[in-house]
$ cat entry-v2.txt   # compact mmCIF, C-alpha atoms and all ligand atoms
# COMPACT_ATOMS: atom_id res chain seq x y z
CA MET A 48 -127.35 -1.59 -61.60
CA LEU A 49 -127.08 2.14 -62.04
CA LYS A 50 -123.24 1.99 -61.57
CA SER A 51 -122.72 -0.58 -64.32
CA PHE A 52 -125.00 1.39 -66.66
CA ALA A 53 -122.96 4.55 -65.99
CA ALA A 54 -119.70 2.64 -66.56
CA ALA A 55 -121.03 1.20 -69.83
CA ALA A 56 -122.22 4.65 -70.94
CA ALA A 57 -118.80 6.13 -70.09
CA MET A 58 -117.11 3.41 -72.11
CA PHE A 59 -119.31 4.02 -75.14
CA VAL A 60 -118.66 7.77 -74.91
CA ALA A 61 -114.90 7.14 -74.67
CA LEU A 62 -115.01 4.74 -77.61
CA GLY A 63 -117.12 7.22 -79.56
CA VAL A 64 -114.72 10.05 -78.84
CA GLY A 65 -111.77 7.79 -79.72
CA ALA A 66 -113.38 6.80 -82.98
CA ALA A 67 -114.11 10.45 -83.76
CA HIS A 68 -110.45 11.32 -83.07
CA SER A 69 -109.29 8.50 -85.34
CA ALA A 70 -111.82 9.30 -88.06
CA ASP A 71 -110.58 12.84 -88.67
CA TYR A 72 -106.96 12.13 -87.80
CA PRO A 73 -104.77 14.01 -88.43
CA ASN A 74 -106.45 17.37 -87.94
CA ARG A 75 -103.34 19.26 -86.71
CA THR A 76 -99.55 19.25 -86.92
CA ILE A 77 -97.75 16.03 -85.96
CA THR A 78 -94.43 16.15 -84.08
CA VAL A 79 -91.77 13.57 -84.94
CA VAL A 80 -89.10 13.41 -82.26
CA VAL A 81 -85.55 12.74 -83.46
CA PRO A 82 -83.55 11.65 -80.40
CA PHE A 83 -80.36 13.29 -81.69
CA ALA A 84 -79.19 16.82 -82.49
CA ALA A 85 -80.22 18.50 -85.76
CA GLY A 86 -78.09 17.95 -88.86
CA GLY A 87 -77.19 14.32 -88.20
CA PRO A 88 -78.20 11.20 -90.15
CA THR A 89 -81.27 10.40 -88.07
CA ASP A 90 -82.43 13.99 -88.55
CA THR A 91 -81.80 13.77 -92.30
CA VAL A 92 -83.78 10.54 -92.74
CA THR A 93 -86.63 11.86 -90.62
CA ARG A 94 -86.98 15.17 -92.46
CA LEU A 95 -87.21 13.38 -95.81
CA ILE A 96 -89.87 10.97 -94.52
CA ALA A 97 -91.75 13.71 -92.63
CA GLU A 98 -91.99 15.91 -95.74
CA SER A 99 -93.45 13.09 -97.80
CA MET A 100 -95.86 11.83 -95.12
CA GLY A 101 -97.01 15.40 -94.50
CA LYS A 102 -98.03 15.80 -98.15
CA ASP A 103 -99.90 12.50 -97.99
CA LEU A 104 -101.68 13.15 -94.68
CA GLY A 105 -102.47 16.81 -95.39
CA GLN A 106 -100.91 17.95 -92.13
CA GLN A 107 -97.34 19.09 -91.45
CA LEU A 108 -94.98 16.70 -89.68
CA ILE A 109 -92.51 18.86 -87.76
CA VAL A 110 -89.22 17.48 -86.43
CA GLU A 111 -88.28 18.06 -82.80
CA ASN A 112 -84.64 17.23 -81.94
CA VAL A 113 -84.32 15.88 -78.41
CA GLY A 114 -80.66 14.84 -78.12
CA GLY A 115 -78.71 13.42 -75.23
CA ALA A 116 -77.81 10.12 -73.55
CA GLY A 117 -77.43 8.29 -76.84
CA GLY A 118 -81.03 8.80 -77.91
CA THR A 119 -82.66 7.65 -74.66
CA LEU A 120 -83.86 11.15 -73.66
CA GLY A 121 -85.80 11.57 -76.89
CA ALA A 122 -87.22 8.06 -76.72
CA GLY A 123 -88.31 8.74 -73.13
CA ARG A 124 -90.05 11.96 -74.23
CA VAL A 125 -92.22 10.02 -76.71
CA ALA A 126 -92.86 7.12 -74.32
CA LYS A 127 -94.50 9.63 -71.96
CA ALA A 128 -96.40 11.58 -74.66
CA ASP A 129 -100.19 11.34 -75.20
CA ALA A 130 -101.04 8.32 -77.35
CA ASP A 131 -103.09 10.48 -79.74
CA GLY A 132 -100.98 10.10 -82.87
CA TYR A 133 -99.55 13.64 -82.66
CA THR A 134 -96.17 12.69 -81.17
CA LEU A 135 -94.06 10.08 -82.96
CA LEU A 136 -90.47 8.84 -82.62
CA LEU A 137 -88.07 8.03 -85.44
CA HIS A 138 -85.19 6.10 -83.91
CA HIS A 139 -82.64 3.55 -84.99
CA ILE A 140 -80.80 0.45 -83.74
CA GLY A 141 -79.84 2.41 -80.63
CA ILE A 142 -83.30 1.84 -79.15
CA SER A 143 -82.41 -1.88 -78.96
CA THR A 144 -78.83 -1.54 -77.67
CA SER A 145 -79.84 1.02 -75.03
CA ALA A 146 -82.08 -1.62 -73.46
CA THR A 147 -78.88 -3.33 -72.26
CA LEU A 148 -76.48 -0.39 -72.09
CA TYR A 149 -78.67 1.59 -69.64
CA ARG A 150 -79.56 -0.06 -66.34
CA LYS A 151 -82.02 2.80 -65.62
CA LEU A 152 -84.06 3.82 -68.70
CA PRO A 153 -86.96 6.37 -68.58
CA TYR A 154 -89.10 3.86 -70.51
CA ASP A 155 -89.69 0.11 -70.92
CA THR A 156 -88.19 -0.63 -74.34
CA LEU A 157 -90.48 -3.49 -75.35
CA ASN A 158 -93.67 -2.10 -73.82
CA ALA A 159 -93.58 1.69 -74.16
CA PHE A 160 -94.30 1.99 -77.87
CA ASP A 161 -96.72 1.04 -80.60
CA TYR A 162 -95.23 0.37 -84.01
CA VAL A 163 -95.68 2.08 -87.39
CA GLY A 164 -92.96 0.36 -89.41
CA LEU A 165 -89.31 0.02 -90.42
CA VAL A 166 -87.96 2.93 -92.50
CA THR A 167 -84.46 2.14 -93.79
CA GLU A 168 -81.23 0.33 -92.95
CA VAL A 169 -78.21 2.61 -93.38
CA PRO A 170 -74.60 1.52 -93.91
CA MET A 171 -71.82 3.01 -91.77
CA THR A 172 -68.44 4.38 -92.76
CA ILE A 173 -65.23 4.57 -90.79
CA VAL A 174 -64.09 8.13 -91.40
CA ALA A 175 -61.45 10.57 -90.18
CA ARG A 176 -60.44 14.21 -90.51
CA SER A 177 -59.17 14.82 -94.06
CA ASP A 178 -55.49 15.23 -93.05
CA PHE A 179 -55.34 12.10 -90.85
CA GLU A 180 -52.01 10.37 -91.56
CA PRO A 181 -53.06 6.73 -92.29
CA THR A 182 -53.83 6.13 -95.98
CA ASP A 183 -55.93 2.93 -95.77
CA LEU A 184 -57.74 0.72 -93.24
CA LYS A 185 -54.71 -1.49 -92.56
CA SER A 186 -52.39 1.45 -91.85
CA LEU A 187 -55.21 3.08 -89.83
CA VAL A 188 -55.38 0.03 -87.53
CA ASP A 189 -51.58 -0.02 -87.15
CA TYR A 190 -51.60 3.72 -86.40
CA LEU A 191 -54.39 3.41 -83.80
CA LYS A 192 -52.59 0.59 -81.99
CA ALA A 193 -49.44 2.71 -81.81
CA ASN A 194 -51.20 5.97 -80.82
CA LYS A 195 -54.27 4.79 -78.91
CA ASP A 196 -53.94 7.39 -76.15
CA LYS A 197 -53.64 10.27 -78.60
CA VAL A 198 -56.45 9.56 -81.10
CA THR A 199 -59.96 10.92 -80.36
CA TYR A 200 -63.03 8.93 -81.46
CA ALA A 201 -66.27 10.96 -81.57
CA ASN A 202 -69.75 9.50 -81.10
CA ALA A 203 -73.31 10.59 -80.29
CA GLY A 204 -73.30 9.15 -76.78
CA VAL A 205 -73.63 5.65 -75.34
CA GLY A 206 -76.44 3.96 -77.26
CA ALA A 207 -75.83 5.84 -80.50
CA ALA A 208 -75.06 4.01 -83.74
CA SER A 209 -71.68 5.73 -83.77
CA HIS A 210 -71.11 4.36 -80.26
CA LEU A 211 -72.10 0.81 -81.29
CA CYS A 212 -69.88 0.88 -84.39
CA GLY A 213 -67.02 2.31 -82.34
CA MET A 214 -67.44 -0.35 -79.66
CA LEU A 215 -67.38 -3.16 -82.27
CA PHE A 216 -64.44 -1.54 -84.10
CA MET A 217 -62.35 -1.12 -80.93
CA GLN A 218 -63.16 -4.71 -79.95
CA LYS A 219 -62.18 -5.96 -83.43
CA ILE A 220 -58.81 -4.16 -83.36
CA GLU A 221 -58.38 -4.83 -79.61
CA THR A 222 -57.58 -1.16 -79.05
CA PRO A 223 -59.64 1.20 -76.85
CA LEU A 224 -59.61 4.83 -78.03
CA VAL A 225 -60.28 8.12 -76.24
CA THR A 226 -64.00 8.76 -76.82
CA VAL A 227 -65.64 12.20 -77.18
CA PRO A 228 -69.48 12.11 -76.85
CA TYR A 229 -71.78 14.61 -78.61
CA LYS A 230 -75.57 14.99 -78.77
CA GLY A 231 -75.59 13.79 -82.36
CA THR A 232 -73.27 13.19 -85.28
CA GLY A 233 -74.37 16.44 -86.86
CA PRO A 234 -72.13 18.30 -84.42
CA VAL A 235 -69.58 15.47 -84.67
CA MET A 236 -69.32 16.11 -88.42
CA THR A 237 -68.76 19.83 -87.83
CA ASP A 238 -65.78 19.04 -85.60
CA LEU A 239 -64.46 16.29 -87.88
CA VAL A 240 -64.47 18.62 -90.87
CA GLY A 241 -62.94 21.25 -88.62
CA LYS A 242 -60.25 18.77 -87.56
CA GLN A 243 -61.21 19.10 -83.86
CA VAL A 244 -61.56 15.32 -83.54
CA ASP A 245 -59.78 12.52 -85.41
CA LEU A 246 -62.15 9.65 -86.14
CA THR A 247 -65.70 8.36 -86.05
CA CYS A 248 -67.97 5.71 -87.53
CA ASP A 249 -71.05 7.38 -88.93
CA GLN A 250 -73.90 6.61 -91.26
CA THR A 251 -73.61 7.25 -95.00
CA THR A 252 -76.63 9.55 -94.65
CA ASN A 253 -74.23 11.94 -92.92
CA THR A 254 -70.87 11.12 -94.47
CA THR A 255 -71.47 10.56 -98.21
CA ASN A 256 -71.36 14.19 -99.30
CA GLN A 257 -68.43 15.05 -97.01
CA ILE A 258 -66.46 12.08 -98.38
CA LYS A 259 -67.24 13.01 -101.99
CA THR A 260 -66.13 16.61 -101.45
CA GLY A 261 -62.94 15.54 -99.66
CA LYS A 262 -63.90 17.27 -96.40
CA ILE A 263 -63.32 13.98 -94.55
CA LYS A 264 -61.37 10.80 -95.32
CA ALA A 265 -63.15 7.42 -95.64
CA TYR A 266 -61.41 4.15 -94.79
CA ALA A 267 -64.18 1.58 -95.13
CA THR A 268 -67.87 0.82 -95.17
CA THR A 269 -69.46 -1.66 -92.76
CA THR A 270 -71.26 -3.57 -95.54
CA LYS A 271 -70.93 -6.90 -97.36
CA GLU A 272 -70.69 -5.13 -100.73
CA ARG A 273 -69.46 -1.65 -101.59
CA VAL A 274 -72.05 1.14 -101.26
CA PRO A 275 -73.12 2.27 -104.80
CA ALA A 276 -72.96 5.93 -103.76
CA LEU A 277 -69.35 5.38 -102.56
CA PRO A 278 -67.84 3.03 -105.18
CA ASP A 279 -64.23 3.93 -104.28
CA VAL A 280 -64.58 3.16 -100.56
CA PRO A 281 -63.61 -0.44 -99.78
CA THR A 282 -65.60 -2.57 -97.36
CA ALA A 283 -64.03 -3.31 -93.97
CA THR A 284 -63.64 -6.93 -95.08
CA GLU A 285 -61.65 -5.82 -98.16
CA GLY A 286 -59.53 -3.69 -95.81
CA GLY A 287 -58.64 -6.64 -93.60
CA LEU A 288 -61.39 -6.52 -90.92
CA ALA A 289 -63.21 -9.67 -92.06
CA GLY A 290 -66.93 -9.69 -91.30
CA PHE A 291 -66.99 -6.21 -89.78
CA GLU A 292 -70.55 -5.40 -90.83
CA VAL A 293 -73.20 -3.33 -89.07
CA GLY A 294 -76.37 -1.81 -90.59
CA ILE A 295 -78.33 0.90 -88.81
CA TRP A 296 -82.02 0.06 -89.09
CA HIS A 297 -84.52 2.84 -88.33
CA GLY A 298 -88.13 2.55 -87.16
CA LEU A 299 -91.12 4.86 -86.68
CA TYR A 300 -92.91 4.52 -83.35
CA ALA A 301 -95.91 5.95 -81.47
CA PRO A 302 -96.61 5.95 -77.73
CA LYS A 303 -98.23 2.75 -76.42
CA GLY A 304 -102.01 2.95 -76.54
CA THR A 305 -102.29 4.75 -79.88
CA SER A 306 -105.51 3.70 -81.63
CA PRO A 307 -105.22 0.95 -84.28
CA GLU A 308 -107.03 3.22 -86.78
CA ILE A 309 -104.42 5.95 -86.33
CA LEU A 310 -101.55 3.47 -86.55
CA LYS A 311 -103.07 2.06 -89.75
CA LYS A 312 -103.18 5.54 -91.31
CA LEU A 313 -99.57 6.20 -90.28
CA THR A 314 -98.33 2.86 -91.63
CA ALA A 315 -100.10 3.43 -94.97
CA SER A 316 -98.58 6.92 -95.19
CA LEU A 317 -95.10 5.66 -94.29
CA GLN A 318 -95.34 2.99 -96.98
CA LYS A 319 -96.27 5.66 -99.54
CA ALA A 320 -93.37 7.86 -98.41
CA LEU A 321 -90.93 4.97 -98.86
CA LYS A 322 -92.04 4.74 -102.49
CA ASP A 323 -91.94 8.53 -103.02
CA PRO A 324 -89.50 9.06 -105.95
CA ASN A 325 -87.89 11.99 -104.11
CA VAL A 326 -87.32 9.88 -100.98
CA VAL A 327 -85.97 6.98 -103.05
CA LYS A 328 -83.55 9.27 -104.93
CA ARG A 329 -82.37 11.21 -101.86
CA PHE A 330 -81.85 7.96 -99.94
CA ALA A 331 -79.82 6.54 -102.86
CA ASP A 332 -77.71 9.72 -103.06
CA LEU A 333 -77.01 9.24 -99.34
CA GLY A 334 -76.02 5.59 -99.66
CA THR A 335 -79.19 3.93 -98.39
CA THR A 336 -82.50 2.49 -99.57
CA PRO A 337 -86.06 2.58 -98.17
CA SER A 338 -87.30 -0.49 -96.31
CA PRO A 339 -89.47 -2.73 -98.53
CA GLU A 340 -93.21 -2.50 -97.91
CA ALA A 341 -93.23 -5.88 -96.13
CA ASP A 342 -90.88 -4.39 -93.50
CA ALA A 343 -92.71 -1.07 -93.22
CA THR A 344 -95.32 -2.69 -91.00
CA PRO A 345 -96.00 -2.74 -87.24
CA GLU A 346 -95.42 -6.49 -87.07
CA ALA A 347 -92.03 -6.27 -88.79
CA LEU A 348 -90.83 -3.41 -86.58
CA LYS A 349 -92.05 -5.12 -83.40
CA ALA A 350 -90.24 -8.35 -84.38
CA LYS A 351 -87.08 -6.41 -85.36
CA LEU A 352 -86.96 -4.52 -82.07
CA SER A 353 -87.36 -7.60 -79.87
CA SER A 354 -84.89 -9.70 -81.88
CA GLU A 355 -82.30 -6.90 -81.83
CA VAL A 356 -82.63 -6.38 -78.06
CA GLU A 357 -81.94 -10.11 -77.71
CA ARG A 358 -79.07 -10.08 -80.25
CA TRP A 359 -77.10 -7.18 -78.74
CA ALA A 360 -77.54 -7.98 -75.03
CA PRO A 361 -74.79 -10.68 -74.88
CA VAL A 362 -72.45 -8.65 -77.14
CA ILE A 363 -72.76 -5.59 -74.89
CA LYS A 364 -72.48 -7.63 -71.67
CA ALA A 365 -69.35 -9.37 -73.03
CA ALA A 366 -67.87 -5.96 -73.85
CA GLY A 367 -68.61 -4.84 -70.30
CA VAL A 368 -69.93 -1.50 -71.61
CA TYR A 369 -72.59 0.32 -69.59
CA ALA A 370 -73.87 3.87 -69.64
CA ASP A 371 -74.64 4.30 -65.95
C1 LIG B 401 -75.82 7.92 -84.11
O1 LIG B 401 -74.61 7.93 -84.00
O2 LIG B 401 -76.61 7.24 -83.47
C2 LIG B 401 -76.45 8.85 -85.07
O3 LIG B 401 -75.63 9.00 -86.16
C3 LIG B 401 -76.63 10.11 -84.33
C4 LIG B 401 -77.34 11.12 -85.16
O4 LIG B 401 -78.20 10.74 -85.99
O5 LIG B 401 -77.04 12.29 -84.98

$ encode --input "entry-v2.txt" --output "structure tokens"
Amino acid sequence: MLKSFAAAAAMFVALGVGAAHSADYPNRTITVVVPFAAGGPTDTVTRLIAESMGKDLGQQLIVENVGGAGGTLGAGRVAKADADGYTLLLHHIGISTSATLYRKLPYDTLNAFDYVGLVTEVPMTIVARSDFEPTDLKSLVDYLKANKDKVTYANAGVGAASHLCGMLFMQKIETPLVTVPYKGTGPVMTDLVGKQVDLTCDQTTNTTNQIKTGKIKAYATTTKERVPALPDVPTATEGGLAGFEVGIWHGLYAPKGTSPEILKKLTASLQKALKDPNVVKRFADLGTTPSPEADATPEALKAKLSSEVERWAPVIKAAGVYAD
């Protein structure tokens, strides 16, 4: 009798403490882990969202870059963090492809996280160093077929969006290229502008300004229609790669076990950030748009993650690509 009373009392205390935590949440700085190096597209999107959410929540959201292994190290860091709402993860499509690419992951993709909401879906661009010889997508494909052992393709590691786009591109043109992995496409961009590597496929949130200033050369976007911020860049379909389309969706996650009250506050704040005029404008300047409110929900992100794990598994298995 005494034992069950003590257990009940302990439960009420825990619930009370939990409710107190949720009631005054957030009362200190929140860390948002970006699972790629600073300066890349995931970092850029996160910093814009973090700044806006911080103003709304009255506490700073600081970005921590945890790069490596195509984003799986950073995701693993958050999966193991306390579920107190003070460590979040902003990750993209790579969280779903890594579930198949990595046979040993430091987390269980579909059970390690709670969901705040979808953030944005970013187009990709096939880009090269500014003095790369081919002048358009068709001549690029011909050139790659003839020089496949000489051209270097840079990505942010197996599981990165730049890896996925590269894998689909190489499959489409039936030409494997020499791949150079980095911890993010921030450092990739530095080397592309510096002409240390030849080619990559990266998100418009990292390539738009470099394309506009002529620091890199763009061959195509991976979208149905041309990207408004890049009106002179043809789609891959226009360039002869029919149906070569891939969009990089991004989601905001918390460790599994985060209280529903905290998640509710975070989802409401994310939805406000996605309507923030500064976020909307900066996203547009970088070739992307915020997710609609109906997608910036836990249910939408949970459904997206599980459907994307299912969608990419057979594609990756057919490609015979694994990370370990
Ligand atoms: C990717 O390739 O997954 C991302 O562009 C990497 C990054 O955001 O740095």

$ residues_near_ligand --input "entry-v2.txt" --ligand "ligand LIG 401 (chain B)" --cutoff "9 Å" --atoms "only C-alpha atoms and all ligand atoms" --output "mmCIF file with C-alpha atoms, in the frame of the given file"
data_model
loop_
_atom_site.group_PDB
_atom_site.id
_atom_site.type_symbol
_atom_site.label_atom_id
_atom_site.label_comp_id
_atom_site.auth_asym_id
_atom_site.auth_seq_id
_atom_site.Cartn_x
_atom_site.Cartn_y
_atom_site.Cartn_z
ATOM 1 C CA VAL A 81 -85.550 12.740 -83.460
ATOM 2 C CA PRO A 82 -83.550 11.650 -80.400
ATOM 3 C CA PHE A 83 -80.360 13.290 -81.690
ATOM 4 C CA ALA A 84 -79.190 16.820 -82.490
ATOM 5 C CA ALA A 85 -80.220 18.500 -85.760
ATOM 6 C CA GLY A 86 -78.090 17.950 -88.860
ATOM 7 C CA GLY A 87 -77.190 14.320 -88.200
ATOM 8 C CA PRO A 88 -78.200 11.200 -90.150
ATOM 9 C CA THR A 89 -81.270 10.400 -88.070
ATOM 10 C CA ASP A 90 -82.430 13.990 -88.550
ATOM 11 C CA THR A 91 -81.800 13.770 -92.300
ATOM 12 C CA VAL A 92 -83.780 10.540 -92.740
ATOM 13 C CA GLY A 114 -80.660 14.840 -78.120
ATOM 14 C CA GLY A 117 -77.430 8.290 -76.840
ATOM 15 C CA GLY A 118 -81.030 8.800 -77.910
ATOM 16 C CA HIS A 138 -85.190 6.100 -83.910
ATOM 17 C CA HIS A 139 -82.640 3.550 -84.990
ATOM 18 C CA ILE A 140 -80.800 0.450 -83.740
ATOM 19 C CA GLY A 141 -79.840 2.410 -80.630
ATOM 20 C CA ASN A 202 -69.750 9.500 -81.100
ATOM 21 C CA ALA A 203 -73.310 10.590 -80.290
ATOM 22 C CA GLY A 204 -73.300 9.150 -76.780
ATOM 23 C CA VAL A 205 -73.630 5.650 -75.340
ATOM 24 C CA GLY A 206 -76.440 3.960 -77.260
ATOM 25 C CA ALA A 207 -75.830 5.840 -80.500
ATOM 26 C CA ALA A 208 -75.060 4.010 -83.740
ATOM 27 C CA SER A 209 -71.680 5.730 -83.770
ATOM 28 C CA HIS A 210 -71.110 4.360 -80.260
ATOM 29 C CA LEU A 211 -72.100 0.810 -81.290
ATOM 30 C CA CYS A 212 -69.880 0.880 -84.390
ATOM 31 C CA TYR A 229 -71.780 14.610 -78.610
ATOM 32 C CA LYS A 230 -75.570 14.990 -78.770
ATOM 33 C CA GLY A 231 -75.590 13.790 -82.360
ATOM 34 C CA THR A 232 -73.270 13.190 -85.280
ATOM 35 C CA GLY A 233 -74.370 16.440 -86.860
ATOM 36 C CA PRO A 234 -72.130 18.300 -84.420
ATOM 37 C CA VAL A 235 -69.580 15.470 -84.670
ATOM 38 C CA CYS A 248 -67.970 5.710 -87.530
ATOM 39 C CA ASP A 249 -71.050 7.380 -88.930
ATOM 40 C CA GLN A 250 -73.900 6.610 -91.260
ATOM 41 C CA THR A 252 -76.630 9.550 -94.650
ATOM 42 C CA ASN A 253 -74.230 11.940 -92.920
ATOM 43 C CA ILE A 295 -78.330 0.900 -88.810
#

$ residues_near_point --input "entry-v2.txt" --point "(-66.9, 10.2, -98.2)" --cutoff "7 Å" --atoms "all atoms listed in the file" --output "list in words"
Thr254, Thr255, Asn256, Gln257, Ile258, Lys259, Gly261, Ile263, Lys264, Ala265 and Leu277 of chain A

$ closest_residue --input "entry-v2.txt" --among "A:Lys185, A:Arg273, A:Lys319, A:Arg94" --to "Thr251 (chain A)" --atoms "only C-alpha atoms"
A:Arg273

$ closest_residue --input "entry-v2.txt" --among "A:Lys219, A:Arg358, A:His297, A:Arg176" --to "Ala201 (chain A)" --atoms "all atoms listed in the file"
A:Arg176

$ atom_distance --input "entry-v2.txt" --atom1 "CA of Leu184 (chain A)" --atom2 "CA of Val368 (chain A)"
24.9 Å

$ residues_around --input "entry-v2.txt" --residues "Gln106 (chain A)" --least-positions-apart "2" --cutoff "12 Å" --atoms "only C-alpha atoms" --output "PyMOL selection string"
chain A and resi 71-78+97-104+108-109+133+313+316

$ atom_distance --input "entry-v2.txt" --atom1 "CA of Gly123 (chain A)" --atom2 "CA of Leu310 (chain A)"
19.6 Å

$ closest_residue --input "entry-v2.txt" --among "A:Leu165, A:Leu288, A:Thr119, A:Gly367" --to "Ala146 (chain A)" --atoms "only C-alpha atoms"
A:Thr119

$ atom_distance --input "entry-v2.txt" --atom1 "CA of Val225 (chain A)" --atom2 "CA of Gly213 (chain A)"
10.8 Å

$ closest_residue --input "entry-v2.txt" --among "A:Ala126, A:Pro302, A:Asn325, A:Ala365" --to "Thr147 (chain A)" --atoms "all atoms listed in the file"
A:Ala365

$ residues_around --input "entry-v2.txt" --residues "Glu180 (chain A)" --least-positions-apart "4" --cutoff "12 Å" --atoms "only C-alpha atoms" --output "tab-separated table (two decimals) with C-alpha atoms, keeping the file's coordinate frame"
chain	number	residue	atom	x	y	z
A	175	ALA	CA	-61.45	10.57	-90.18
A	176	ARG	CA	-60.44	14.21	-90.51
A	184	LEU	CA	-57.74	0.72	-93.24
A	186	SER	CA	-52.39	1.45	-91.85
A	187	LEU	CA	-55.21	3.08	-89.83
A	188	VAL	CA	-55.38	0.03	-87.53
A	189	ASP	CA	-51.58	-0.02	-87.15
A	190	TYR	CA	-51.60	3.72	-86.40
A	191	LEU	CA	-54.39	3.41	-83.80
A	194	ASN	CA	-51.20	5.97	-80.82
A	198	VAL	CA	-56.45	9.56	-81.10
A	245	ASP	CA	-59.78	12.52	-85.41
A	246	LEU	CA	-62.15	9.65	-86.14
A	264	LYS	CA	-61.37	10.80	-95.32
A	266	TYR	CA	-61.41	4.15	-94.79

$ closest_residue --input "entry-v2.txt" --among "A:Lys151, A:Leu299, A:Lys242, A:Ser145" --to "Pro345 (chain A)" --atoms "all atoms listed in the file"
A:Leu299

$ closest_residue --input "entry-v2.txt" --among "A:Val166, A:Leu136, A:Leu215, A:Leu157" --to "Gly290 (chain A)" --atoms "all atoms listed in the file"
A:Leu215

$ residues_around --input "entry-v2.txt" --residues "Thr167 (chain A)" --least-positions-apart "4" --cutoff "9 Å" --atoms "only C-alpha atoms" --output "list of chain:residue names"
A:Val92, A:Ile295, A:Trp296, A:His297, A:Gly298, A:Leu321, A:Phe330, A:Thr335, A:Thr336, A:Pro337, A:Ser338, A:Pro339, A:Ala343
